[in-house]
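The data block below is model.csv; it holds CSV, C-alpha atoms.
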chain,number,residue,atom,x,y,z
O,272,MET,CA,79.6,79.2,56.0
O,273,ARG,CA,82.7,80.8,57.4
O,274,LEU,CA,82.3,81.9,61.0
O,275,ILE,CA,83.8,85.2,62.0
O,276,PRO,CA,83.9,85.9,65.8
O,277,ARG,CA,82.5,89.3,66.8
O,278,ALA,CA,83.6,88.8,70.5
O,279,LEU,CA,82.0,90.7,73.3
O,280,CYS,CA,79.6,88.2,75.1
O,281,GLY,CA,77.9,88.2,78.4
O,282,ALA,CA,74.7,88.9,80.2
O,283,ALA,CA,75.9,92.4,81.0
O,284,ARG,CA,75.8,93.2,77.3
O,285,ALA,CA,72.1,93.9,76.9
O,286,ALA,CA,72.5,95.5,73.5
O,287,TRP,CA,71.8,92.5,71.3
O,288,ARG,CA,72.1,92.8,67.5
O,289,GLU,CA,69.3,94.9,66.1
O,290,SER,CA,69.5,93.4,62.6
O,291,PHE,CA,70.7,90.2,60.9
O,292,PRO,CA,72.8,90.4,57.7
O,293,LEU,CA,70.5,89.2,55.0
O,294,GLY,CA,72.6,89.7,51.9
O,295,GLY,CA,74.1,87.1,49.8
O,296,HIS,CA,71.4,84.4,50.3
O,297,ALA,CA,69.9,82.8,47.2
O,298,VAL,CA,66.5,82.1,48.7
O,299,ALA,CA,65.1,80.7,45.5
O,300,ARG,CA,67.5,77.8,45.7
O,301,TRP,CA,66.3,76.7,49.1
O,302,PHE,CA,63.0,75.4,47.7
O,303,PRO,CA,63.1,72.2,45.5
O,304,GLY,CA,61.3,72.1,42.2
O,305,HIS,CA,58.7,69.4,43.1
O,306,MET,CA,57.0,71.9,45.4
O,307,ALA,CA,56.0,74.1,42.4
O,308,LYS,CA,54.6,71.1,40.5
O,309,GLY,CA,52.2,70.1,43.3
O,310,LEU,CA,49.9,73.1,42.9
O,311,LYS,CA,48.9,72.0,39.3
O,312,LYS,CA,48.1,68.5,40.6
O,313,MET,CA,46.0,70.0,43.3
O,314,GLN,CA,44.0,72.0,40.8
O,315,SER,CA,43.1,68.9,38.8
O,316,SER,CA,41.6,67.4,42.0
O,317,LEU,CA,39.7,70.5,43.0
O,318,LYS,CA,36.3,69.7,41.4
O,319,LEU,CA,36.1,66.7,43.9
O,320,VAL,CA,36.8,68.9,46.9
O,321,ASP,CA,34.2,70.5,49.3
O,322,CYS,CA,36.6,72.4,51.6
O,323,ILE,CA,40.3,73.2,51.9
O,324,ILE,CA,42.2,72.9,55.1
O,325,GLU,CA,45.4,74.9,55.0
O,326,VAL,CA,47.9,73.8,57.7
O,327,HIS,CA,50.6,76.2,58.8
O,328,ASP,CA,53.2,76.5,61.6
O,329,ALA,CA,51.8,78.5,64.6
O,330,ARG,CA,55.3,80.0,65.2
O,331,ILE,CA,55.0,81.9,61.9
O,332,PRO,CA,51.2,82.6,61.6
O,333,LEU,CA,51.7,85.7,59.5
O,334,SER,CA,54.8,84.6,57.4
O,335,GLY,CA,55.4,82.2,54.6
O,336,ARG,CA,51.9,81.1,53.8
O,337,ASN,CA,51.7,80.5,50.1
O,338,PRO,CA,49.6,83.2,48.5
O,339,LEU,CA,49.1,81.0,45.4
O,340,PHE,CA,46.9,78.7,47.4
O,341,GLN,CA,43.9,81.0,47.5
O,342,GLU,CA,44.5,82.4,44.0
O,343,THR,CA,44.8,78.9,42.5
O,344,LEU,CA,42.3,76.9,44.5
O,345,GLY,CA,39.5,79.4,44.1
O,346,LEU,CA,36.5,80.1,46.3
O,347,LYS,CA,36.2,76.8,48.1
O,348,PRO,CA,35.5,77.0,51.9
O,349,HIS,CA,38.8,77.5,53.6
O,350,LEU,CA,40.0,76.6,57.2
O,351,LEU,CA,43.4,77.7,58.5
O,352,VAL,CA,44.9,75.3,61.0
O,353,LEU,CA,47.9,76.7,62.9
O,354,ASN,CA,49.6,73.6,64.1
O,355,LYS,CA,52.5,73.1,66.6
O,356,MET,CA,50.8,75.5,69.0
O,357,ASP,CA,52.8,73.8,71.8
O,358,LEU,CA,56.0,75.3,70.3
O,359,ALA,CA,54.5,78.8,69.8
O,360,ASP,CA,54.3,81.7,72.2
O,361,LEU,CA,50.6,82.6,71.9
O,362,LYS,CA,50.3,85.3,74.4
O,363,GLU,CA,49.0,87.6,71.6
O,364,ARG,CA,46.7,85.0,70.1
O,365,GLN,CA,43.8,87.4,69.7
O,366,LYS,CA,46.0,89.9,67.9
O,367,ILE,CA,47.1,87.1,65.6
O,368,ILE,CA,43.4,86.2,64.9
O,369,ARG,CA,42.5,89.8,64.3
O,370,HIS,CA,45.5,90.2,61.9
O,371,LEU,CA,44.4,87.1,59.9
O,372,GLU,CA,40.8,88.3,59.9
O,373,GLY,CA,42.0,91.5,58.3
O,374,GLU,CA,43.4,89.3,55.5
O,375,GLY,CA,40.0,87.6,55.1
O,376,LEU,CA,40.8,84.5,57.1
O,377,LYS,CA,38.0,84.2,59.5
O,378,ASN,CA,38.1,80.4,60.2
O,379,VAL,CA,41.3,79.7,62.3
O,380,ILE,CA,42.0,76.9,64.7
O,381,PHE,CA,45.2,76.4,66.7
O,382,THR,CA,46.2,72.7,67.2
O,383,ASN,CA,48.8,70.4,68.5
O,384,CYS,CA,48.4,67.2,66.4
O,385,VAL,CA,51.0,65.3,68.5
O,386,LYS,CA,48.7,65.4,71.5
O,387,ASP,CA,45.4,65.8,69.5
O,388,GLU,CA,44.8,69.2,71.1
O,389,ASN,CA,41.9,71.1,69.6
O,390,VAL,CA,41.7,68.6,66.7
O,391,LYS,CA,38.1,67.7,67.6
O,392,GLN,CA,37.0,71.2,66.5
O,393,ILE,CA,38.0,70.6,62.9
O,394,VAL,CA,35.2,68.2,61.7
O,395,PRO,CA,32.3,70.3,63.1
O,396,MET,CA,33.8,73.5,61.6
O,397,VAL,CA,34.3,71.8,58.2
O,398,THR,CA,30.8,70.5,58.3
O,399,GLU,CA,29.4,74.0,59.0
O,400,LEU,CA,31.6,75.6,56.3
O,401,VAL,CA,30.5,73.1,53.7
O,402,GLY,CA,26.9,73.2,54.8
O,403,SER,CA,26.7,77.0,54.3
O,404,SER,CA,28.4,76.9,50.9
O,405,TYR,CA,27.2,75.8,47.4
O,406,ARG,CA,28.8,72.5,46.6
O,407,TYR,CA,29.8,72.9,42.9
O,408,HIS,CA,29.4,69.5,41.1
O,409,ARG,CA,29.0,67.8,44.5
O,410,GLY,CA,25.3,68.2,45.3
O,411,GLU,CA,24.4,64.6,44.8
O,412,SER,CA,27.1,63.2,47.1
O,413,LEU,CA,26.5,62.6,50.8
O,414,GLU,CA,30.2,62.4,51.7
O,415,TYR,CA,32.7,65.2,52.3
O,416,CYS,CA,36.0,65.4,50.5
O,417,ILE,CA,38.6,67.8,52.0
O,418,MET,CA,41.9,68.8,50.6
O,419,VAL,CA,44.8,69.4,53.0
O,420,ILE,CA,47.4,71.9,51.8
O,421,GLY,CA,50.3,73.8,53.3
O,422,VAL,CA,54.0,74.5,53.1
O,423,PRO,CA,56.3,71.5,53.9
O,424,ASN,CA,56.7,70.0,57.3
O,425,VAL,CA,54.0,71.9,59.1
O,426,GLY,CA,52.1,68.8,60.1
O,427,LYS,CA,49.6,68.0,57.3
O,428,SER,CA,50.1,64.2,57.6
O,429,SER,CA,50.1,64.5,61.4
O,430,LEU,CA,46.8,66.3,61.2
O,431,ILE,CA,45.3,63.5,59.1
O,432,ASN,CA,46.6,60.8,61.5
O,433,SER,CA,45.3,62.8,64.5
O,434,LEU,CA,41.8,63.1,62.9
O,435,ARG,CA,41.8,59.3,62.4
O,436,ARG,CA,42.7,58.7,66.0
O,437,GLN,CA,40.0,61.0,67.2
O,438,HIS,CA,37.1,59.8,65.0
O,439,LEU,CA,38.0,56.3,63.8
O,440,ARG,CA,40.2,55.1,66.6
O,441,LYS,CA,42.7,54.0,63.9
O,442,GLY,CA,46.4,54.5,63.5
O,443,LYS,CA,48.6,56.1,61.0
O,444,ALA,CA,47.4,56.4,57.4
O,445,THR,CA,50.1,58.7,56.1
O,446,ARG,CA,53.9,58.8,56.6
O,447,VAL,CA,55.1,61.4,59.0
O,448,GLY,CA,58.6,62.8,59.3
O,449,GLY,CA,60.7,65.7,60.6
O,450,GLU,CA,62.0,66.6,57.2
O,451,PRO,CA,60.2,68.6,54.5
O,452,GLY,CA,59.1,66.9,51.3
O,453,ILE,CA,58.0,63.4,52.6
O,454,THR,CA,54.6,63.7,50.8
O,455,ARG,CA,55.6,64.2,47.2
O,456,ALA,CA,52.5,63.3,45.2
O,457,VAL,CA,48.8,64.0,45.7
O,458,MET,CA,47.7,60.9,47.5
O,459,SER,CA,44.5,58.8,47.4
O,460,ARG,CA,41.6,59.7,49.6
O,461,ILE,CA,42.0,58.9,53.3
O,462,GLN,CA,38.9,58.4,55.5
O,463,VAL,CA,39.1,60.4,58.7
O,464,CYS,CA,35.5,60.3,60.0
O,465,GLU,CA,32.4,58.0,59.8
O,466,ARG,CA,29.7,60.4,60.8
O,467,PRO,CA,29.7,62.5,58.8
O,468,LEU,CA,31.5,60.4,56.2
O,469,MET,CA,34.6,62.5,55.5
O,470,PHE,CA,37.7,61.8,53.4
O,471,LEU,CA,40.9,63.9,53.2
O,472,LEU,CA,43.4,64.3,50.4
O,473,ASP,CA,47.0,64.6,51.6
O,474,THR,CA,49.1,66.7,49.3
O,475,PRO,CA,52.7,67.7,48.8
O,476,GLY,CA,53.8,70.9,50.6
O,477,VAL,CA,54.0,73.7,48.1
O,478,LEU,CA,55.9,77.0,48.8
O,479,ALA,CA,55.5,80.2,46.9
O,480,PRO,CA,58.2,80.5,44.3
O,481,ARG,CA,58.8,84.1,45.5
O,482,ILE,CA,59.5,84.4,49.2
O,483,GLU,CA,58.7,88.0,50.3
O,484,SER,CA,62.1,88.4,52.0
O,485,VAL,CA,65.2,86.6,53.0
O,486,GLU,CA,64.1,86.9,56.6
O,487,THR,CA,60.8,85.1,55.7
O,488,GLY,CA,62.9,82.4,54.1
O,489,LEU,CA,65.0,82.1,57.3
O,490,LYS,CA,61.9,81.9,59.5
O,491,LEU,CA,60.5,79.1,57.3
O,492,ALA,CA,63.9,77.3,57.4
O,493,LEU,CA,64.0,77.6,61.2
O,494,CYS,CA,60.6,75.8,61.3
O,495,GLY,CA,62.1,73.0,59.2
O,496,THR,CA,60.2,73.7,55.9
O,497,VAL,CA,63.5,73.2,53.9
O,498,LEU,CA,66.5,71.0,54.4
O,499,ASP,CA,69.0,72.7,56.6
O,500,HIS,CA,72.0,72.2,54.4
O,501,LEU,CA,70.4,74.2,51.6
O,502,VAL,CA,70.5,77.3,53.8
O,503,GLY,CA,73.6,76.4,55.9
O,504,GLU,CA,73.3,75.0,59.4
O,505,GLU,CA,75.5,77.6,61.0
O,506,THR,CA,73.7,80.4,59.2
O,507,LEU,CA,70.4,79.1,60.6
O,508,ALA,CA,71.9,78.6,64.1
O,509,ASP,CA,73.1,82.2,64.0
O,510,TYR,CA,69.7,83.5,63.0
O,511,LEU,CA,68.2,81.4,65.8
O,512,LEU,CA,70.6,82.9,68.3
O,513,TYR,CA,69.9,86.4,67.0
O,514,THR,CA,66.1,85.8,67.4
O,515,LEU,CA,66.3,84.2,70.9
O,516,ASN,CA,68.4,87.1,72.2
O,517,ARG,CA,66.2,89.8,70.7
O,518,HIS,CA,63.2,88.2,72.2
O,519,GLU,CA,65.0,87.7,75.5
O,520,LEU,CA,64.5,84.0,75.5
O,521,PHE,CA,67.6,82.7,77.2
O,522,GLY,CA,66.6,79.1,77.7
O,523,TYR,CA,69.6,78.0,75.6
O,524,VAL,CA,71.9,79.3,78.4
O,525,GLN,CA,70.4,77.0,81.0
O,526,HIS,CA,69.9,74.1,78.6
O,527,TYR,CA,73.6,74.0,77.6
O,528,GLY,CA,75.0,75.2,80.9
O,529,LEU,CA,76.7,78.2,79.2
O,530,GLY,CA,76.7,80.4,82.4
O,531,GLU,CA,75.7,83.6,80.5
O,532,ALA,CA,73.9,84.7,77.3
O,533,CYS,CA,76.0,85.5,74.3
O,534,ASP,CA,75.4,87.1,70.9
O,535,ASP,CA,78.4,85.5,69.2
O,536,ILE,CA,77.5,82.3,67.4
O,537,VAL,CA,81.1,81.1,67.2
O,538,SER,CA,81.5,81.3,70.9
O,539,VAL,CA,78.1,79.6,71.6
O,540,LEU,CA,78.7,76.8,69.1
O,541,LYS,CA,82.2,76.2,70.5
O,542,ARG,CA,80.8,75.8,74.0
O,543,VAL,CA,78.0,73.6,72.8
O,544,ALA,CA,80.4,71.4,71.0
O,545,VAL,CA,82.7,71.0,74.0
O,546,LYS,CA,79.8,70.3,76.3
O,547,LEU,CA,78.4,67.7,74.0
O,548,GLY,CA,81.7,66.2,73.2
O,549,LYS,CA,81.3,67.1,69.5
O,550,THR,CA,84.9,67.7,68.5
O,551,GLN,CA,87.0,66.5,65.6
O,552,LYS,CA,90.7,66.0,64.9
O,553,VAL,CA,92.1,68.2,62.2
O,554,LYS,CA,95.6,67.9,60.7
O,555,VAL,CA,97.5,71.1,60.7
O,556,LEU,CA,100.7,71.5,58.6
O,557,THR,CA,103.5,73.0,60.6
O,558,GLY,CA,107.2,73.6,60.0
O,559,THR,CA,108.0,70.3,61.8
O,560,GLY,CA,105.3,68.2,60.1
O,561,ASP,CA,101.6,67.4,60.5
O,562,VAL,CA,100.1,68.0,63.9
O,563,ASN,CA,96.7,66.7,65.0
O,564,VAL,CA,94.6,69.5,66.6
O,565,ILE,CA,91.3,68.9,68.3
O,566,GLN,CA,88.7,71.5,67.1
O,567,PRO,CA,85.0,72.0,67.9
O,568,ASN,CA,82.7,70.4,65.4
O,569,TYR,CA,80.7,73.6,64.6
O,570,PRO,CA,78.2,72.0,62.1
O,571,ALA,CA,77.4,69.2,64.6
O,572,ALA,CA,76.9,71.8,67.4
O,573,ALA,CA,74.7,73.9,65.0
O,574,ARG,CA,72.5,70.8,64.2
O,575,ASP,CA,72.0,70.1,67.9
O,576,PHE,CA,71.1,73.7,68.6
O,577,LEU,CA,68.5,73.7,65.8
O,578,ARG,CA,67.1,70.3,66.9
O,579,THR,CA,66.8,71.4,70.5
O,580,PHE,CA,64.9,74.5,69.4
O,581,ARG,CA,62.5,72.6,67.1
O,582,SER,CA,61.7,70.1,69.8
O,583,GLY,CA,60.6,72.9,72.1
O,584,LEU,CA,63.3,72.4,74.7
O,585,LEU,CA,64.3,76.1,74.5
O,586,GLY,CA,60.7,77.2,75.3
O,587,PRO,CA,57.9,78.6,73.1
O,588,VAL,CA,58.6,81.3,70.5
O,589,MET,CA,56.7,83.6,68.2
O,590,LEU,CA,58.9,84.2,65.2
O,591,ASP,CA,56.5,86.8,63.8
O,592,ARG,CA,56.6,89.0,66.9
O,593,ASP,CA,58.1,91.9,65.0
O,594,THR,CA,55.4,91.6,62.3
O,595,LEU,CA,52.7,91.7,65.0
O,596,GLN,CA,54.2,94.7,66.7
O,597,SER,CA,54.6,96.6,63.4
O,598,HIS,CA,50.9,96.2,62.7
O,599,PRO,CA,49.3,97.5,65.9
O,600,SER,CA,46.0,98.3,64.1
O,601,ALA,CA,45.8,95.1,62.1
O,602,GLY,CA,42.3,93.8,62.3
O,603,ALA,CA,41.2,96.7,64.5
O,604,GLN,CA,38.2,97.4,62.3
O,605,GLY,CA,35.6,96.0,64.6
O,606,HIS,CA,36.0,92.4,63.8
O,607,ARG,CA,34.9,90.1,66.5
O,608,PRO,CA,37.7,87.5,67.1
O,609,ALA,CA,36.9,83.9,66.4
O,610,GLU,CA,36.6,81.8,69.5
O,611,THR,CA,38.6,78.8,68.4
O,612,ASP,CA,39.5,77.3,71.8
O,613,PRO,CA,39.5,78.2,75.5
Could you rewrite the structure in this file as C-alpha cells?
Amino acid sequence: MRLIPRALCGAARAAWRESFPLGGHAVARWFPGHMAKGLKKMQSSLKLVDCIIEVHDARIPLSGRNPLFQETLGLKPHLLVLNKMDLADLKERQKIIRHLEGEGLKNVIFTNCVKDENVKQIVPMVTELVGSSYRYHRGESLEYCIMVIGVPNVGKSSLINSLRRQHLRKGKATRVGGEPGITRAVMSRIQVCERPLMFLLDTPGVLAPRIESVETGLKLALCGTVLDHLVGEETLADYLLYTLNRHELFGYVQHYGLGEACDDIVSVLKRVAVKLGKTQKVKVLTGTGDVNVIQPNYPAAARDFLRTFRSGLLGPVMLDRDTLQSHPSAGAQGHRPAETDP
C-alpha cells in the first residue's frame, strides 16, 4: 500500500473522516480456498450431530457470520457463542440480543474463553436444546455430539479447551493460535464433559464466499479472521485508526505517547515507529552517490498497532456500532431478551 499523507492532525480537529475509501479491494482474494471446502466435510458429519455451536467474535456480533451455516447445516438445535467479550464494548448488549432474536437467533451466550467466563452456561443450554428437540438417527444414543463451527480465529478451539478445563479438569485438546486457519480438517471427537457425556467436533473455520461488503471484510480482517498481508497491514491500520477516531476511542494516543489524536495514518505510524525504534536504513541515489537514509518502518509500526488493538490494550470496541445504530427498531417486536449472564 502506498501511503499518502493528508496532513491536518490534532485533538482540536474534531471532524474525523466520515467514510473510509473502500474501492479497489478484491475481497474474494482475502479468504483461502480451504475455507469453502470445510462446509462439505461438515455436512457429511451432520447425521452424527445433536446440536451446533456457532462461535463468533463479540466485537462483530452482527457482521461476517456465514449465512451458509444455517442453510447447509439444516434444522439442528443452534447456539451462538459470542466469544472475546473482554475485547468488546457491550454497553448495548441487550440491543445486540434483540437484533439477533429478530434474525431468529434466540440462544446467545457471551464468553471469554481465555478466562473461562460464562463457559459453564454452555453445557446446560446445549442439554436443554437437545432435550427439547427430536434427535434424528440419534434416539438410541445416550451421549451428546456437538459440532463447533464459525469463521476463522474466533476461538472455536479455545472454547473446546475451556469446556475441558471446566468439566474434566483437563488441559488442551486442540491447537490454538492467533492466526486464522489452524484447524484445517474436521477433527475427531473430543470429550468435553462426563455428566452428561458430551463430545465436540472441532471444524475448520469457513467464511461465506460472498462477503456482503468491503467494510464487512475489513471488520473481519481487523478481528484476525484472515492473514493481514492479504489485506495489507497499512490498509488495516488505517481502517483501525478511522474506526477508533469515529468512535472517539483515543486509547492509542496514551498508549503510544502521541500527545494528541490524529486522523492521518502516515503521521501516526511514523510516530509509532520512532517511539518503538522501528526504523530502517534505505539507500537513496543522489548526484554524489548513494546515501543511507533512516526511515520509519511503516509495516512494522502497522503490525504493532494491529497487535496492540487485538490484545485489548486500546480498550474494548464495538465494530458493529454503526449497524446497531442504523437498526433502532431491530428486535423491537416484543421479544423478551435472553438472559445469558448477569
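Residue nearest O:Cys322, chosen from O:Leu439, O:Leu472, O:Phe381, O:Asp357 and counting all atoms listed in the file: O:Leu472.
For the pair atom CA of O:Val352 and atom CA of O:Thr382, the interatomic distance is 6.8 Å.
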- Message: What does the structure give for the distance between atom CA of O:Leu529 and atom CA of O:Thr487, in Å to one decimal?
- Response: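 Going from atom CA of O:Leu529 over to atom CA of O:Thr487 covers 29.2 Å.
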- Go through O:Gly421, O:Lys311, O:Gln341, O:His370 one by one, measure the shortest atom-to-atom distance of each to O:Ser597 using all atoms listed in the file, and give the residue with the smallest value.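 Distance minimum relative to O:Ser597 lands on O:His370.
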- Message: Set the distance at 9 Å and use all atoms listed in the file: which residues neighbour O:His349 once local chain neighbours fewer than 5 positions away are removed? I'd like the list as a ChimeraX atom specification.
- Response: /O:322-325,341,376-378,397,400
- Of O:Lys554, O:His526, O:Arg517, O:Arg542, the one sitting nearest O:Ala286 when using only C-alpha atoms is O:Arg517
- Work out how far apart atom CA of O:Ala492 and atom CA of O:Ala329 are and give it in Å to one decimal. 14.1 Å
- Item | Residue contacts of O:Glu289 (12 Å, all atoms listed in the file) excluding same-chain residues fewer than 4 positions away, as number ranges by chain | O: 285, 510, 513-514, 516-518, 534, 593
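Near stretch 383-391 of chain O, within a cut-off of 8 Å and counting all atoms listed in the file, sit the residues O:Asn354, O:Lys355, O:Met356, O:Asp357, O:Ile380, O:Val394, O:Pro395, O:Gly426, O:Ser429, O:Leu430, O:Ser433, O:Leu434, O:Gln437, O:Asp612, with same-chain residues fewer than 3 positions away left out.
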- Item | O:Tyr415, O:Tyr405, O:Phe576, O:Trp287 ranked by distance to O:Phe470, top pick (using only C-alpha atoms) |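 Smallest separation from O:Phe470 among the options: O:Tyr415.
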- Taking into account all atoms listed in the file, which residue in the set O:Ile393, O:Leu333, O:Ala544, O:Leu471 is nearest to O:Met418?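 Once distances to O:Met418 are computed over all atoms listed in the file, the minimum belongs to O:Leu471.
Remark: for O:Met313, the closest of the candidate residues O:Thr579, O:Gly558, O:Ile420, O:His327 is O:Ile420 (distances computed over all atoms listed in the file).
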- Leaving out O:Gln596 and any residue of its chain fewer than 5 positions from it, which residues lie within 12 Å of it when counting only C-alpha atoms, given as a VMD selection string? chain O and resid 333 363 366 to 367 370 589 to 591 601
- Message: Env of O:Leu468: 10 Å cut, atoms = only C-alpha atoms, seq-sep filter 2 positions within chain, self excluded. Answer as a list in words.
- Response: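 Here the qualifying residues turn out to be Leu413, Glu414, Tyr415, Cys416, Gln462, Val463, Cys464, Glu465, Arg466 and Phe470 of chain O.
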- Task: Please identify all polymer residues lying at most 12 Å from the point (72.0, 78.8, 67.8) (file coordinates), using only C-alpha atoms, and present the result as a ChimeraX atom specification.
- Result: /O:493,504-516,520-524,526-527,532-544,569-581,585
For the selection you just gave me, I'd like the residues written to a file as a short mmCIF file (atom, residue, chain, number, x, y, z; two decimals), keeping the file's coordinate frame, keeping C-alpha atoms.
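Writing the result to out.cif gives the following:
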data_model
loop_
_atom_site.label_atom_id
_atom_site.label_comp_id
_atom_site.auth_asym_id
_atom_site.auth_seq_id
_atom_site.Cartn_x
_atom_site.Cartn_y
_atom_site.Cartn_z
CA LEU O 493 64.00 77.60 61.20
CA GLU O 504 73.30 75.00 59.40
CA GLU O 505 75.50 77.60 61.00
CA THR O 506 73.70 80.40 59.20
CA LEU O 507 70.40 79.10 60.60
CA ALA O 508 71.90 78.60 64.10
CA ASP O 509 73.10 82.20 64.00
CA TYR O 510 69.70 83.50 63.00
CA LEU O 511 68.20 81.40 65.80
CA LEU O 512 70.60 82.90 68.30
CA TYR O 513 69.90 86.40 67.00
CA THR O 514 66.10 85.80 67.40
CA LEU O 515 66.30 84.20 70.90
CA ASN O 516 68.40 87.10 72.20
CA LEU O 520 64.50 84.00 75.50
CA PHE O 521 67.60 82.70 77.20
CA GLY O 522 66.60 79.10 77.70
CA TYR O 523 69.60 78.00 75.60
CA VAL O 524 71.90 79.30 78.40
CA HIS O 526 69.90 74.10 78.60
CA TYR O 527 73.60 74.00 77.60
CA ALA O 532 73.90 84.70 77.30
CA CYS O 533 76.00 85.50 74.30
CA ASP O 534 75.40 87.10 70.90
CA ASP O 535 78.40 85.50 69.20
CA ILE O 536 77.50 82.30 67.40
CA VAL O 537 81.10 81.10 67.20
CA SER O 538 81.50 81.30 70.90
CA VAL O 539 78.10 79.60 71.60
CA LEU O 540 78.70 76.80 69.10
CA LYS O 541 82.20 76.20 70.50
CA ARG O 542 80.80 75.80 74.00
CA VAL O 543 78.00 73.60 72.80
CA ALA O 544 80.40 71.40 71.00
CA TYR O 569 80.70 73.60 64.60
CA PRO O 570 78.20 72.00 62.10
CA ALA O 571 77.40 69.20 64.60
CA ALA O 572 76.90 71.80 67.40
CA ALA O 573 74.70 73.90 65.00
CA ARG O 574 72.50 70.80 64.20
CA ASP O 575 72.00 70.10 67.90
CA PHE O 576 71.10 73.70 68.60
CA LEU O 577 68.50 73.70 65.80
CA ARG O 578 67.10 70.30 66.90
CA THR O 579 66.80 71.40 70.50
CA PHE O 580 64.90 74.50 69.40
CA ARG O 581 62.50 72.60 67.10
CA LEU O 585 64.30 76.10 74.50
#
- Task: Compute the distance from (56.7, 77.7, 71.9) to each atom, counting only C-alpha atoms, keep the residues with any atom at most 7 Å away, and return them as a PyMOL selection string; use the coordinates of the file.
- Result: chain O and resi 356-360+583+586-589
